[in-house]
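**Student:** Next up is a structure, given as C-alpha cells.
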Amino acid sequence: MASEKHFKYLVLGGGVAAGYAAREFAKHGLQPGELAIISKESVAPYERPALSKGYLAPQNAARLPGFHTCVGSGGEKLLPEWYADKGIELILSTEIVKADLATKTLTSADGATFICEILLIATGSSTIKLTDFGVQGAESNNILYLRDIEDADKLVAAMQAKKDGKAVVVGGGYIGLELGAALKTNNFDVTMVYPEPWCMPRLFTAGIAHFYEGYYASKGINIVKGTVASGFDADANGDVSKVNLKDGRVLDADIVIVGVGGRPLTGLFKGQVEEEKGGLKTDTFFETSVAGVYAIGDVATFPMKLYNEPRRVEHVDHARKSAEQAVKAIKAKETGETAAEYDYLPYFYSRSFEVAWQFYGDNVGETVLFGDNDPATEKAKFGTYWVKDGKVIGVFLEGGSAEENQAIAKVARAQPPAADLEALSKEGLDFASKI
Ligand code: FDA
Ligand code: NAD
C-alpha cells in the first residue's frame, strides 16, 4: 500500500526559499518530525546562483556540499546532517504531481501521500524551452538549459566532451550573460544571440548595456542582436552542429545554451487558489487565499509596500527574505501575535568575468547615467539613477565597493528628491554617498 505521512509543516520545493524557511523554523524551535521538505531534486537546499557562476569555473569549481543554504547570505551552511539533527525530514528525489489545497494533501509521482496543517509552496520557476515553441531541431543533443544541479552537471559534461569548441548562447538575459562569460572562461568560442536591440532590456538601459556589450566583445564574445534561433541542425549522432537564425545567418555550434526566461511553477494549484501577475497571490505574510497555505520565493505575488502594488520577484534575496517572513508570520500567529509587515526593497545583482553590478529599487521613470561606462576603461565604475515624480527610486552600480553598494541601497529606500537631472548626472555617486 502507498505510504501516507503527516506533518505539522510541509515545504513543497527544496530550493533557496525552502532552505531559509527551515533555518527560520529551527530558530523558533521545532519538535522532531514537525517539518518536512519535499523536493524533486536529489540534494538538500542549495544556493542556486552558484550554478551559473562558481559551479562552471574552469579551476576550483564550486561543488556541494560547499554551497548549501544558507552560506549565500553569510550564514551557517545547512548540511543534510543539520536537517537530521533538527528532526527535519528531507524527502528528496520526490516529485509532487497532485496537490489538494483544501485538505493540504500532496501526492507524489510514486503514489505516496503527504498531509500537513501548514503548507509552504516553494516550487520556484521552470525553464522555458525552445521545444515548447516547436523550434525545429531543438531536441538535438547538447542544446542545454540551466535551472538545477542536474542541468549544471549536463553542461559540465558537455563542456568536457566538446572541449575548446564553439558555443552559441540563445538569450540575452541573466542566464545568457552569465553563461556566455562562463563558456568563454572555459575557452569556448562564444556567440550570443538575442532579439532585442540590447542585452537584458528588462533592467538595463542602452547606456548600461553599451558597457557590457563592449566589455563582452573585448573578451572575444561575438554578439548577434535583433534575431532569434529559428532551427538547429544535428550531425549523425544527433549532436547539435548548426544554429539557423531567422535573419538567414547560420552559426556553427558544438554546444547551445538557452536562457529565454522562466515561468513560476504554479500549475499544480490551478483553480484552487487566487493568482495574480502570473504568481500565487499572497498577503504581506505570504499566506495565499487558502488559509494555512503560504507561497514563497519565485511563485509568490505579494503586496510590495514600497510601491503600493502587487509584485512577483524572481531573485534570490527575495526568496530568502520571503521564506523568513512567512515562517515568522506562522509562528507569530500560533502565539496570537502578528508579524511585522513585509517591507521589501528589491535587490538584484550579477557578476561575470571581472565585472559585478548591484541594483536596488525600481527601474521606472527617467534615467540618469553617471560615471564612466566606456567598456575600454579598466575597472570601470558607473551607474544609473531612475527618477520618478522628482524622486530617485532606483540605482544601478557597476564596480561599487561594499560601502558604495550600501549607499545606493539607502538611496533606493529613502527616495530623495532630485529635480535637476543634469546636476544628478554630474554629482554621480557622490549624490548617493551623501544620503
Ligand atoms: P528554487 O528554484 O530555488 O527552488 C524550487 C524547488 O522546488 C526546486 O528544488 C525544485 O526542484 C522544486 N520543485 C518544483 N516543483 C516541484 C514538485 N512538483 N515536486 C517537488 N519539488 C518541486 N538570483 C539572484 O538574485 N542572483 C543571482 O545571481 C541568481 N543566479 C541564478 C542562477 C541560476 C542558474 C538560476 C536558475 C537562478 C538564479 N537566480 C539568481 C534566481 C534565484 O536562484 C531564484 O529566484 C531562487 O532560487 C528562487 O527560489 P525558490 O525557492 O522560489 O525556487
Ligand atoms: P530572462 O528573463 O532574464 O531573459 C530572457 C531573455 O531571453 C530575454 O532578455 C531575451 O533576450 C531572450 N529571448 C526571449 N525569447 C528569445 C528567443 N526566442 N530567442 C532568443 N532570445 C530570446 O531569463 P533567463 O536569463 O532565462 O533567466 C531565467 C531565470 O533565472 C529568471 O528568473 C532569472 O531571474 C533567473 N536568474 C537570475 C540571475 C541573477 O539574478 N543574477 C542569474 C541567472 C538566472
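We name chains A, B, ... following the order of the C-alpha cells; residues begin at 1 in each chain, and ligands are numbered from 1 as shown.
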Taking only C-alpha atoms and all ligand atoms into account, list the residues no farther than 8 Å from ligand 2, as an MDAnalysis selection string.
**Tutor:** chainID A and resid 49 52 125 127:128 130 147 170:178 193:196 199:202 227:230 258:263 298 313:316 348:351
**Student:** Residues near segment 182-189 of chain A, anyone? I mean within 6 Å using only C-alpha atoms, not counting same-chain ones fewer than 5 positions away, as a ChimeraX atom specification.
**Tutor:** /A:58,164-167
**Student:** For the selection just defined, write its residues with N, CA and C atoms to a file, as a JSON list (two decimals), in the first residue's frame.
**Tutor:**
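The result, written out as result_4.json:
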```json
[["chain", "number", "residue", "atom", "x", "y", "z"],
["A", 58, "PRO", "N", 36.57, 27.05, -14.51],
["A", 58, "PRO", "CA", 37.48, 26.03, -15.05],
["A", 58, "PRO", "C", 38.39, 25.42, -13.98],
["A", 164, "ASP", "N", 37.10, 23.22, -25.93],
["A", 164, "ASP", "CA", 37.60, 24.28, -26.83],
["A", 164, "ASP", "C", 36.74, 24.44, -28.10],
["A", 165, "GLY", "N", 35.49, 24.02, -28.02],
["A", 165, "GLY", "CA", 34.62, 24.08, -29.20],
["A", 165, "GLY", "C", 33.89, 25.41, -29.33],
["A", 166, "LYS", "N", 32.83, 25.37, -30.16],
["A", 166, "LYS", "CA", 32.04, 26.57, -30.42],
["A", 166, "LYS", "C", 30.74, 26.49, -29.62],
["A", 167, "ALA", "N", 30.43, 27.59, -28.94],
["A", 167, "ALA", "CA", 29.19, 27.63, -28.15],
["A", 167, "ALA", "C", 28.32, 28.78, -28.64]]
```
**Student:** What residues of the protein or nucleic acid chains come within 7 Å of ligand 1 when you use only C-alpha atoms and all ligand atoms? Reply as number ranges by chain.
**Tutor:** A: 12-18, 38-41, 45, 47-52, 94-97, 122-125, 146-148, 175, 265, 296-299, 314-317, 319, 348-350
**Student:** Convert the current residue selection to file output with N, CA and C atoms, as a tab-separated table (two decimals), in the first residue's frame.
**Tutor:**
```tsv
chain	number	residue	atom	x	y	z
A	12	LEU	N	6.87	22.52	0.12
A	12	LEU	CA	6.89	21.86	-1.18
A	12	LEU	C	7.89	22.58	-2.06
A	13	GLY	N	9.00	21.91	-2.38
A	13	GLY	CA	10.11	22.52	-3.11
A	13	GLY	C	11.31	22.53	-2.21
A	14	GLY	N	12.48	22.22	-2.77
A	14	GLY	CA	13.68	22.14	-1.94
A	14	GLY	C	14.77	23.07	-2.44
A	15	GLY	N	14.40	24.31	-2.78
A	15	GLY	CA	15.38	25.27	-3.29
A	15	GLY	C	15.76	26.30	-2.25
A	16	VAL	N	16.03	27.49	-2.72
A	16	VAL	CA	16.54	28.56	-1.85
A	16	VAL	C	15.53	28.87	-0.74
A	17	ALA	N	14.28	29.12	-1.11
A	17	ALA	CA	13.28	29.52	-0.10
A	17	ALA	C	13.12	28.41	0.94
A	18	ALA	N	13.15	27.15	0.51
A	18	ALA	CA	12.99	26.03	1.44
A	18	ALA	C	14.11	26.03	2.49
A	38	ILE	N	9.83	18.60	0.78
A	38	ILE	CA	9.73	17.63	-0.32
A	38	ILE	C	10.34	18.26	-1.57
A	39	SER	N	11.32	17.59	-2.16
A	39	SER	CA	11.97	18.15	-3.34
A	39	SER	C	12.18	17.12	-4.43
A	40	LYS	N	11.96	17.60	-5.64
A	40	LYS	CA	12.22	16.81	-6.84
A	40	LYS	C	13.73	16.55	-6.96
A	41	GLU	N	14.52	17.49	-6.43
A	41	GLU	CA	15.97	17.38	-6.56
A	41	GLU	C	16.49	16.33	-5.58
A	45	PRO	N	18.65	21.66	0.07
A	45	PRO	CA	18.61	23.01	-0.49
A	45	PRO	C	19.99	23.66	-0.63
A	47	GLU	N	22.31	27.14	-2.66
A	47	GLU	CA	22.25	28.49	-3.20
A	47	GLU	C	22.30	28.41	-4.73
A	48	ARG	N	21.13	28.49	-5.36
A	48	ARG	CA	21.03	28.27	-6.82
A	48	ARG	C	21.95	29.18	-7.64
A	49	PRO	N	22.17	30.45	-7.24
A	49	PRO	CA	23.02	31.32	-8.05
A	49	PRO	C	24.42	30.76	-8.34
A	50	ALA	N	24.91	29.87	-7.49
A	50	ALA	CA	26.25	29.31	-7.71
A	50	ALA	C	26.33	28.51	-9.01
A	51	LEU	N	25.19	28.00	-9.48
A	51	LEU	CA	25.21	27.12	-10.65
A	51	LEU	C	25.69	27.82	-11.92
A	52	SER	N	25.43	29.12	-12.04
A	52	SER	CA	25.84	29.83	-13.26
A	52	SER	C	27.15	30.58	-13.05
A	94	THR	N	11.72	13.35	-5.01
A	94	THR	CA	10.28	13.07	-4.92
A	94	THR	C	9.50	14.20	-5.59
A	95	GLU	N	8.87	13.87	-6.71
A	95	GLU	CA	8.10	14.89	-7.40
A	95	GLU	C	6.64	14.81	-6.99
A	96	ILE	N	6.10	15.96	-6.60
A	96	ILE	CA	4.67	16.02	-6.28
A	96	ILE	C	3.91	16.27	-7.59
A	97	VAL	N	2.92	15.41	-7.85
A	97	VAL	CA	2.20	15.52	-9.12
A	97	VAL	C	0.74	15.97	-8.89
A	122	ALA	N	6.93	26.37	-2.39
A	122	ALA	CA	8.21	26.99	-2.76
A	122	ALA	C	8.76	26.28	-3.99
A	123	THR	N	7.91	26.19	-5.02
A	123	THR	CA	8.27	25.40	-6.21
A	123	THR	C	9.14	26.16	-7.21
A	124	GLY	N	9.35	27.47	-7.00
A	124	GLY	CA	10.27	28.20	-7.87
A	124	GLY	C	9.78	28.32	-9.31
A	125	SER	N	10.73	28.35	-10.22
A	125	SER	CA	10.39	28.55	-11.64
A	125	SER	C	10.86	27.37	-12.48
A	146	LEU	N	19.63	25.74	-17.96
A	146	LEU	CA	20.22	25.70	-16.61
A	146	LEU	C	19.22	26.16	-15.57
A	147	ARG	N	18.74	25.21	-14.78
A	147	ARG	CA	17.87	25.57	-13.65
A	147	ARG	C	18.34	24.89	-12.37
A	148	ASP	N	18.76	23.60	-12.51
A	148	ASP	CA	19.15	22.90	-11.29
A	148	ASP	C	20.48	22.18	-11.47
A	175	ILE	N	20.73	34.50	-17.63
A	175	ILE	CA	21.41	33.25	-17.98
A	175	ILE	C	22.35	33.50	-19.16
A	265	LEU	N	6.30	28.00	-11.19
A	265	LEU	CA	5.68	26.66	-11.20
A	265	LEU	C	4.44	26.64	-10.32
A	296	ILE	N	6.04	31.19	-1.24
A	296	ILE	CA	7.26	31.98	-1.02
A	296	ILE	C	8.20	31.87	-2.21
A	297	GLY	N	9.10	32.84	-2.35
A	297	GLY	CA	10.08	32.80	-3.44
A	297	GLY	C	9.47	33.20	-4.77
A	298	ASP	N	9.97	32.59	-5.85
A	298	ASP	CA	9.58	32.98	-7.22
A	298	ASP	C	8.07	32.90	-7.48
A	299	VAL	N	7.36	32.01	-6.78
A	299	VAL	CA	5.94	31.79	-7.11
A	299	VAL	C	4.99	32.80	-6.49
A	314	GLU	N	11.76	37.36	-9.09
A	314	GLU	CA	12.48	36.10	-9.38
A	314	GLU	C	13.95	36.24	-9.05
A	315	HIS	N	14.25	36.59	-7.80
A	315	HIS	CA	15.65	36.75	-7.41
A	315	HIS	C	15.88	36.18	-6.02
A	316	VAL	N	17.15	35.87	-5.76
A	316	VAL	CA	17.47	35.07	-4.58
A	316	VAL	C	17.24	35.80	-3.26
A	317	ASP	N	17.50	37.11	-3.24
A	317	ASP	CA	17.36	37.87	-1.99
A	317	ASP	C	15.91	37.80	-1.49
A	319	ALA	N	13.75	35.43	-2.34
A	319	ALA	CA	13.43	34.03	-1.97
A	319	ALA	C	13.80	33.81	-0.50
A	348	PHE	N	18.78	43.16	-6.88
A	348	PHE	CA	19.24	42.20	-7.88
A	348	PHE	C	20.75	42.40	-8.07
A	349	TYR	N	21.44	41.37	-8.48
A	349	TYR	CA	22.87	41.50	-8.75
A	349	TYR	C	23.31	40.47	-9.77
A	350	SER	N	24.45	40.70	-10.35
A	350	SER	CA	25.06	39.68	-11.19
A	350	SER	C	26.55	39.93	-11.25
```
**Student:** If we count only C-alpha atoms, what is near segment 364-381 of chain A at a cut-off of 9 Å, once residues fewer than 2 positions away on the same chain are taken out, given as a PDB file with N, CA and C atoms, in the first residue's frame?
**Tutor:**
```pdb
ATOM      1  N   THR A 205      19.426  49.897 -19.240  1.00  0.00           N
ATOM      2  CA  THR A 205      19.171  50.952 -20.230  1.00  0.00           C
ATOM      3  C   THR A 205      20.195  50.746 -21.357  1.00  0.00           C
ATOM      4  N   GLY A 207      22.487  52.730 -22.138  1.00  0.00           N
ATOM      5  CA  GLY A 207      23.795  53.167 -21.616  1.00  0.00           C
ATOM      6  C   GLY A 207      24.480  52.091 -20.787  1.00  0.00           C
ATOM      7  N   ILE A 208      23.692  51.357 -20.006  1.00  0.00           N
ATOM      8  CA  ILE A 208      24.274  50.270 -19.202  1.00  0.00           C
ATOM      9  C   ILE A 208      24.724  49.137 -20.135  1.00  0.00           C
ATOM     10  N   HIS A 210      25.537  49.266 -23.199  1.00  0.00           N
ATOM     11  CA  HIS A 210      26.695  49.680 -24.004  1.00  0.00           C
ATOM     12  C   HIS A 210      27.994  49.187 -23.353  1.00  0.00           C
ATOM     13  N   PHE A 211      28.072  49.345 -22.044  1.00  0.00           N
ATOM     14  CA  PHE A 211      29.283  48.903 -21.335  1.00  0.00           C
ATOM     15  C   PHE A 211      29.452  47.377 -21.443  1.00  0.00           C
ATOM     16  N   TYR A 212      28.399  46.607 -21.068  1.00  0.00           N
ATOM     17  CA  TYR A 212      28.577  45.141 -21.007  1.00  0.00           C
ATOM     18  C   TYR A 212      28.770  44.533 -22.393  1.00  0.00           C
ATOM     19  N   GLU A 213      28.076  45.070 -23.401  1.00  0.00           N
ATOM     20  CA  GLU A 213      28.250  44.511 -24.746  1.00  0.00           C
ATOM     21  C   GLU A 213      29.677  44.774 -25.242  1.00  0.00           C
ATOM     22  N   GLY A 214      30.188  45.977 -24.966  1.00  0.00           N
ATOM     23  CA  GLY A 214      31.561  46.307 -25.370  1.00  0.00           C
ATOM     24  C   GLY A 214      32.574  45.474 -24.597  1.00  0.00           C
ATOM     25  N   TYR A 215      32.298  45.301 -23.307  1.00  0.00           N
ATOM     26  CA  TYR A 215      33.198  44.527 -22.446  1.00  0.00           C
ATOM     27  C   TYR A 215      33.233  43.061 -22.910  1.00  0.00           C
ATOM     28  N   TYR A 216      32.057  42.494 -23.197  1.00  0.00           N
ATOM     29  CA  TYR A 216      31.992  41.098 -23.670  1.00  0.00           C
ATOM     30  C   TYR A 216      32.719  40.967 -25.016  1.00  0.00           C
ATOM     31  N   SER A 218      35.183  42.755 -25.992  1.00  0.00           N
ATOM     32  CA  SER A 218      36.626  42.840 -25.723  1.00  0.00           C
ATOM     33  C   SER A 218      37.175  41.512 -25.184  1.00  0.00           C
ATOM     34  N   GLU A 354      35.377  39.864 -14.729  1.00  0.00           N
ATOM     35  CA  GLU A 354      35.810  40.648 -13.545  1.00  0.00           C
ATOM     36  C   GLU A 354      34.825  41.770 -13.222  1.00  0.00           C
ATOM     37  N   VAL A 355      33.634  41.719 -13.799  1.00  0.00           N
ATOM     38  CA  VAL A 355      32.678  42.801 -13.516  1.00  0.00           C
ATOM     39  C   VAL A 355      31.566  42.301 -12.588  1.00  0.00           C
ATOM     40  N   ASP A 362      13.452  50.391  -7.939  1.00  0.00           N
ATOM     41  CA  ASP A 362      12.527  50.169  -9.049  1.00  0.00           C
ATOM     42  C   ASP A 362      13.103  50.829 -10.304  1.00  0.00           C
ATOM     43  N   GLY A 383      27.080  54.083 -13.189  1.00  0.00           N
ATOM     44  CA  GLY A 383      25.775  53.653 -12.709  1.00  0.00           C
ATOM     45  C   GLY A 383      24.649  54.430 -13.352  1.00  0.00           C
ATOM     46  N   THR A 384      23.469  54.178 -12.853  1.00  0.00           N
ATOM     47  CA  THR A 384      22.276  54.850 -13.382  1.00  0.00           C
ATOM     48  C   THR A 384      21.293  55.075 -12.240  1.00  0.00           C
ATOM     49  N   TYR A 385      20.715  56.266 -12.219  1.00  0.00           N
ATOM     50  CA  TYR A 385      19.604  56.547 -11.297  1.00  0.00           C
ATOM     51  C   TYR A 385      18.302  56.510 -12.090  1.00  0.00           C
ATOM     52  N   TRP A 386      17.258  55.967 -11.489  1.00  0.00           N
ATOM     53  CA  TRP A 386      15.908  56.065 -12.068  1.00  0.00           C
ATOM     54  C   TRP A 386      15.157  57.115 -11.243  1.00  0.00           C
ATOM     55  N   VAL A 387      14.577  58.088 -11.924  1.00  0.00           N
ATOM     56  CA  VAL A 387      13.918  59.194 -11.230  1.00  0.00           C
ATOM     57  C   VAL A 387      12.451  59.241 -11.652  1.00  0.00           C
ATOM     58  N   LYS A 388      11.575  59.187 -10.654  1.00  0.00           N
ATOM     59  CA  LYS A 388      10.135  59.235 -10.939  1.00  0.00           C
ATOM     60  C   LYS A 388       9.489  60.260 -10.016  1.00  0.00           C
ATOM     61  N   ASP A 389       8.650  61.100 -10.587  1.00  0.00           N
ATOM     62  CA  ASP A 389       7.975  62.155  -9.823  1.00  0.00           C
ATOM     63  C   ASP A 389       8.983  62.969  -8.998  1.00  0.00           C
ATOM     64  N   ILE A 393      14.315  56.620  -7.335  1.00  0.00           N
ATOM     65  CA  ILE A 393      13.674  55.410  -6.779  1.00  0.00           C
ATOM     66  C   ILE A 393      14.435  54.119  -7.100  1.00  0.00           C
ATOM     67  N   GLY A 394      15.425  54.220  -7.998  1.00  0.00           N
ATOM     68  CA  GLY A 394      16.213  53.016  -8.307  1.00  0.00           C
ATOM     69  C   GLY A 394      17.643  53.405  -8.624  1.00  0.00           C
ATOM     70  N   LEU A 397      24.642  50.109  -9.984  1.00  0.00           N
ATOM     71  CA  LEU A 397      26.055  50.471  -9.871  1.00  0.00           C
ATOM     72  C   LEU A 397      26.953  49.314 -10.281  1.00  0.00           C
ATOM     73  N   GLU A 398      27.831  49.566 -11.248  1.00  0.00           N
ATOM     74  CA  GLU A 398      28.870  48.605 -11.639  1.00  0.00           C
ATOM     75  C   GLU A 398      30.159  48.962 -10.896  1.00  0.00           C
ATOM     76  N   GLY A 399      30.803  47.932 -10.346  1.00  0.00           N
ATOM     77  CA  GLY A 399      32.140  48.122  -9.770  1.00  0.00           C
ATOM     78  C   GLY A 399      32.146  48.814  -8.422  1.00  0.00           C
ATOM     79  N   GLY A 400      31.021  48.822  -7.714  1.00  0.00           N
ATOM     80  CA  GLY A 400      30.958  49.528  -6.428  1.00  0.00           C
ATOM     81  C   GLY A 400      31.657  48.757  -5.310  1.00  0.00           C
ATOM     82  N   LEU A 421      18.230  66.805 -13.308  1.00  0.00           N
ATOM     83  CA  LEU A 421      18.821  65.529 -13.733  1.00  0.00           C
ATOM     84  C   LEU A 421      20.263  65.693 -14.211  1.00  0.00           C
ATOM     85  N   GLU A 422      20.532  66.857 -14.806  1.00  0.00           N
ATOM     86  CA  GLU A 422      21.904  67.100 -15.280  1.00  0.00           C
ATOM     87  C   GLU A 422      22.871  67.179 -14.087  1.00  0.00           C
ATOM     88  N   LEU A 424      22.399  65.806 -11.234  1.00  0.00           N
ATOM     89  CA  LEU A 424      22.477  64.462 -10.652  1.00  0.00           C
ATOM     90  C   LEU A 424      23.525  63.625 -11.394  1.00  0.00           C
ATOM     91  N   SER A 425      23.526  63.759 -12.711  1.00  0.00           N
ATOM     92  CA  SER A 425      24.495  63.015 -13.524  1.00  0.00           C
ATOM     93  C   SER A 425      25.926  63.448 -13.182  1.00  0.00           C
ATOM     94  N   LYS A 426      26.102  64.762 -13.021  1.00  0.00           N
ATOM     95  CA  LYS A 426      27.450  65.291 -12.703  1.00  0.00           C
ATOM     96  C   LYS A 426      27.873  64.852 -11.308  1.00  0.00           C
ATOM     97  N   GLU A 427      26.945  64.896 -10.380  1.00  0.00           N
ATOM     98  CA  GLU A 427      27.274  64.544  -9.000  1.00  0.00           C
ATOM     99  C   GLU A 427      27.567  63.048  -8.875  1.00  0.00           C
ATOM    100  N   GLY A 428      26.881  62.256  -9.682  1.00  0.00           N
ATOM    101  CA  GLY A 428      27.144  60.818  -9.746  1.00  0.00           C
ATOM    102  C   GLY A 428      27.013  60.129  -8.402  1.00  0.00           C
ATOM    103  N   LEU A 429      28.000  59.309  -8.079  1.00  0.00           N
ATOM    104  CA  LEU A 429      27.949  58.503  -6.869  1.00  0.00           C
ATOM    105  C   LEU A 429      27.997  59.353  -5.592  1.00  0.00           C
TER     106      LEU A 429
END
```
**Student:** Extract the full set of alpha helix (DSSP H) residues from segment 246-435 of chain A according to DSSP on the backbone, and format it as a count of residues only.
**Tutor:** 44
**Student:** Could you state the separation of atom CA of Phe114 of chain A and atom CA of Phe7 of chain A in Å, given to one decimal place?
**Tutor:**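 Interatomic distance, atom CA of Phe114 of chain A to atom CA of Phe7 of chain A: 7.6 Å.
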**Student:** Could I get the residues of segment 90-173 of chain A with an atom no further than 8 Å from an atom of segment 266-278 of chain A, each paired with its nearest atom pair and that distance in Å to one decimal, using only C-alpha atoms, sorted by chain and residue number, as a Markdown table?
**Tutor:**
```
| residue | atom | partner | partner_atom | distance |
| --- | --- | --- | --- | --- |
| A:Val97 | CA | A:Leu268 | CA | 7.1 |
| A:Lys98 | CA | A:Leu268 | CA | 6.2 |
| A:Ala99 | CA | A:Leu268 | CA | 6.0 |
| A:Asp100 | CA | A:Phe269 | CA | 7.7 |
| A:Leu101 | CA | A:Gln272 | CA | 6.7 |
| A:Ala102 | CA | A:Gln272 | CA | 7.9 |
| A:Thr123 | CA | A:Thr266 | CA | 7.6 |
```
**Student:** Would you mind exporting the chosen residues as a PDB file, in the first residue's frame, restricted to N, CA and C atoms?
**Tutor:**
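Written file, part32.pdb:
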```pdb
ATOM      1  N   VAL A  97       2.922  15.414  -7.851  1.00  0.00           N
ATOM      2  CA  VAL A  97       2.196  15.519  -9.117  1.00  0.00           C
ATOM      3  C   VAL A  97       0.743  15.969  -8.894  1.00  0.00           C
ATOM      4  N   LYS A  98       0.313  15.973  -7.627  1.00  0.00           N
ATOM      5  CA  LYS A  98      -1.057  16.387  -7.329  1.00  0.00           C
ATOM      6  C   LYS A  98      -1.071  17.097  -5.979  1.00  0.00           C
ATOM      7  N   ALA A  99      -1.795  18.212  -5.932  1.00  0.00           N
ATOM      8  CA  ALA A  99      -1.899  18.943  -4.662  1.00  0.00           C
ATOM      9  C   ALA A  99      -3.356  19.304  -4.438  1.00  0.00           C
ATOM     10  N   ASP A 100      -3.880  18.914  -3.293  1.00  0.00           N
ATOM     11  CA  ASP A 100      -5.235  19.318  -2.926  1.00  0.00           C
ATOM     12  C   ASP A 100      -5.102  20.316  -1.777  1.00  0.00           C
ATOM     13  N   LEU A 101      -5.290  21.587  -2.104  1.00  0.00           N
ATOM     14  CA  LEU A 101      -5.005  22.614  -1.107  1.00  0.00           C
ATOM     15  C   LEU A 101      -6.044  22.625   0.016  1.00  0.00           C
ATOM     16  N   ALA A 102      -7.292  22.307  -0.312  1.00  0.00           N
ATOM     17  CA  ALA A 102      -8.348  22.355   0.705  1.00  0.00           C
ATOM     18  C   ALA A 102      -8.018  21.407   1.865  1.00  0.00           C
ATOM     19  N   THR A 123       7.912  26.194  -5.024  1.00  0.00           N
ATOM     20  CA  THR A 123       8.269  25.399  -6.206  1.00  0.00           C
ATOM     21  C   THR A 123       9.136  26.163  -7.211  1.00  0.00           C
TER      22      THR A 123
END
```
**Student:** Please identify all polymer residues within 7 Å of segment 131-141 of chain A, counting only C-alpha atoms, omitting same-chain residues fewer than 4 positions from it, and present them as an NGL selection string.
**Tutor:** :A and (230-234 or 238-240)
**Student:** What does the file look like for those residues with C-alpha atoms, as a PDB file, in the first residue's frame?
**Tutor:**
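This went into result.pdb:
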```pdb
ATOM      1  CA  SER A 230      14.722  29.557 -35.861  1.00  0.00           C
ATOM      2  CA  GLY A 231      16.102  25.997 -36.070  1.00  0.00           C
ATOM      3  CA  PHE A 232      19.013  23.666 -35.399  1.00  0.00           C
ATOM      4  CA  ASP A 233      20.883  21.082 -37.486  1.00  0.00           C
ATOM      5  CA  ALA A 234      22.394  17.982 -35.920  1.00  0.00           C
ATOM      6  CA  GLY A 238      22.119  13.712 -33.047  1.00  0.00           C
ATOM      7  CA  ASP A 239      24.525  16.322 -31.620  1.00  0.00           C
ATOM      8  CA  VAL A 240      23.708  19.919 -32.498  1.00  0.00           C
TER       9      VAL A 240
END
```
